[in-house]
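J.: Dropping the structure in here first, questions after.
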Amino acid sequence: MRMNLIFHYNTNVKKIIKLPLVLPVCPGCSSLGFGAFMETGPFQIGEDGLLVLNQHSWNLESNMLYVESPIGVGFSYSETYEDYIDWNDTKTASENLVFITKWLEKFPLYKDSPFFLAGESYAGHYIPQLAELILEYNIFPNVTKINLKAIAIGNPLLDIDISVLAGEFLWSHGAISDKTLMLEKTVCNDSKYLREYVHSGWSQGCNDVFNRVENEVSDDVQHDDLLLPKCLLLTSSSQQFKPRGLHSKAHSSVDKILRTADPCLQSRIFTYLNRRDVQDALYANTTDLPGHWDFCLGPLEYQEENMEINIIPLISKLLKFGLPIWFYSGDQDSKIPLTQTRIIVNNIAKELKLTTLTKYRTWYSEKQVGGWWQSFGGLKDGHNVTYLTYATVRGAAHEVPFTSPLQALTLFRSFLNGSPLPRPKS
């Protein structure tokens, strides 16, 4: 058995050695396509198909390491087909820990660097599970410890019974009717809909309710961004992006290519990363894998029951260990609405008896309100220490850096520095 994870590494322009590891969006989706080329990497694909600078790249603040994980995602692969079958969260965390330790062996310059984990959506599973393994790994004698400083997750899937409930959110935005909201409350909500899919297939009641939801929201409005304009340049390649199974409802970033910011960027990335000269330059697909590169379609067969794992107890465990955690939400995302993540954050703070260090208030990005935020913590050695931070990003979607790149960079900078989000300057 030989598994090969593909990574994409960008040094920061300031030559400061900090190393966040940006993880994939969800099971079966590419952090190279989404993370590096659509959101936070130094380049995007212009309308002419050539690279253009991303003015809000996260490598303005840090070194960035994007990992195509798990195997079967993007350009990562296994030489044994059976490895793709029955994959799960536990295997993903273990695989990523092995990758990190091997990568630091290969590039020892970074072995003592501050290390951060950041991701979004189903990274609400991936990142806490990996962080736990890193903290356990660091306990072993005679190992090079991974200098994990903090983790950040955008629009995170943490608890299927809370995170995905979107009825009230859609109703408050005028996207569904009073009748449909009542049916979600009494017949079938998002959590039940997903559980039925995972275990037995949808009941007639759930089918009826969510057919109403889709009809009222319409095909021209995307659940991951209610403000999304429609890409009017659909191509044959863009038709590849068909949502499948649980990806289409909860934590997939793939919804028929329609996006905010530049709604046609995803199609250009698809074309670019399938060019042979680009793959050669990236040292990717060196074994001529069958089929084409894709954002989320691949041979991986993931245990869909894993999405039912409640991550909240693990979040509490990491906070008790003293690991700072940031959650943030694009406030136009109905896949994992900000209201639900805020409920979870407040419940965790209450359970752990954390003190409110920053009252709920606005934060700013270049003289404009970037969103709202709040922080929680406690005393350590006689000083207040922030452990848990929650922020919304104004006007942002499920993939915050794509739709709101300037605000995302501002938030990322505060996360790296462990500092409060900016207030307006006098």
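Each chain in the structure tokens gets a letter, A, B, ..., in the order shown, and its residues are numbered from 1; ligands are numbered from 1 in order too.
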Counting only C-alpha atoms, what is within 8 Å of range 49-60 of chain A, bar same-chain residues fewer than 3 positions away, as a list in words?
T.: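 My list of contacting residues is Asn10, Thr11, Asn12, Val13, Lys14, Glu39, Thr40, Gly41, Pro42, Phe43, Gln44, Ile45, Gly46, Asn63, Met64, Arg268, Tyr272, Pro405, Leu406, Leu409 and Phe412 of chain A.
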J.: Excluding Lys192 in chain A and residues on its chain fewer than 5 positions from it, collect all residues at most 9 Å away from it, counting only C-alpha atoms, and give them as a JSON list (two decimals) with N, CA and C atoms, in the first residue's frame.
T.:
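Listed below is the output, part.json:
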[["chain", "number", "residue", "atom", "x", "y", "z"],
["A", 161, "ASP", "N", -27.21, 18.17, 14.71],
["A", 161, "ASP", "CA", -28.50, 18.53, 15.31],
["A", 161, "ASP", "C", -28.64, 20.04, 15.50],
["A", 197, "TYR", "N", -31.07, 10.56, 4.86],
["A", 197, "TYR", "CA", -30.23, 10.26, 3.70],
["A", 197, "TYR", "C", -29.12, 9.27, 4.07],
["A", 206, "CYS", "N", -40.14, 14.14, 4.32],
["A", 206, "CYS", "CA", -38.95, 14.97, 4.14],
["A", 206, "CYS", "C", -38.79, 15.40, 2.68]]
J.: With only C-alpha atoms as the counted atoms, please give the residues lying no more than 10 Å from range 314-325 of chain A, apart from itself and same-chain residues fewer than 6 positions off, as a count of residues only.
T.: 30
J.: Enumerate as a ChimeraX atom specification all residues of range 20-140 of chain A assigned to strand (DSSP E or B) by DSSP on the backbone, naming them with the chain letters and numbers the document uses.
T.: /A:20-22,43-45,51-53,64-68,77-78,87,115-120
J.: List as JSON, numbers by chain the protein and nucleic acid residues near Trp87 in chain A, meaning an atom at most 12 Å away when only C-alpha atoms are counted, but skip any in the same chain fewer than 2 places from it.
T.: {"A": [27, 28, 69, 70, 71, 72, 73, 81, 82, 83, 84, 85, 89, 90, 91, 92, 93, 94, 95, 299, 300, 301, 302, 303, 304, 305, 306]}
J.: Please produce a file of the residues just selected, as a tab-separated table (two decimals), in the first residue's frame, where the atoms kept are C-alpha atoms.
T.:
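Final output, selection01.tsv:
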chain	number	residue	atom	x	y	z
A	27	PRO	CA	-14.80	14.90	2.25
A	28	GLY	CA	-13.90	14.50	-1.36
A	69	SER	CA	-6.48	15.26	1.64
A	70	PRO	CA	-7.70	12.60	2.02
A	71	ILE	CA	-6.36	10.35	-0.72
A	72	GLY	CA	-8.54	10.36	-3.81
A	73	VAL	CA	-9.07	14.11	-3.53
A	81	TYR	CA	-7.79	0.96	-5.03
A	82	GLU	CA	-9.03	-0.67	-1.82
A	83	ASP	CA	-7.60	2.30	0.12
A	84	TYR	CA	-10.38	4.47	-1.27
A	85	ILE	CA	-13.13	2.29	0.16
A	89	ASP	CA	-12.60	10.91	9.78
A	90	THR	CA	-10.22	8.81	11.88
A	91	LYS	CA	-8.18	7.77	8.85
A	92	THR	CA	-8.14	11.35	7.57
A	93	ALA	CA	-6.75	12.70	10.84
A	94	SER	CA	-4.09	9.99	11.02
A	95	GLU	CA	-3.13	10.53	7.38
A	299	PRO	CA	-12.80	7.55	-6.34
A	300	LEU	CA	-13.05	8.17	-2.57
A	301	GLU	CA	-15.90	6.38	-0.78
A	302	TYR	CA	-16.40	8.16	2.53
A	303	GLN	CA	-18.36	6.83	5.51
A	304	GLU	CA	-21.22	9.29	5.42
A	305	GLU	CA	-22.24	8.37	8.97
A	306	ASN	CA	-19.20	10.37	10.10
J.: Could you give me the residues within range 340-415 of chain A that DSSP places in alpha helix (DSSP H), as a list in words?
T.: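 So the alpha helix (DSSP H) residues in range 340-415 of chain A would be Gln340, Thr341, Arg342, Ile343, Ile344, Val345, Asn346, Asn347, Ile348, Ala349, Lys350, Glu351, Val400, Pro401, Phe402, Thr403, Pro405, Leu406, Gln407, Ala408, Leu409, Thr410, Leu411, Phe412, Arg413, Ser414 and Phe415 of chain A.
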J.: Could you check how far CA of Ala397 in chain A sits from CA of Leu227 in chain A, in Å to one decimal?
T.: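 Distance reported for this atom pair: 8.2 Å.
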J.: Considering only C-alpha atoms, can you say which of A:Ala175, A:Val164, A:Val400, A:Leu97 comes closest to Gly35 in chain A?
T.: A:Val400
J.: Could you check which of A:Asn310, A:Ser404, A:Ser203, A:Thr101 is closest to Asn138 in chain A, using only C-alpha atoms?
T.: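 So, comparing all the options, the nearest one is A:Thr101.
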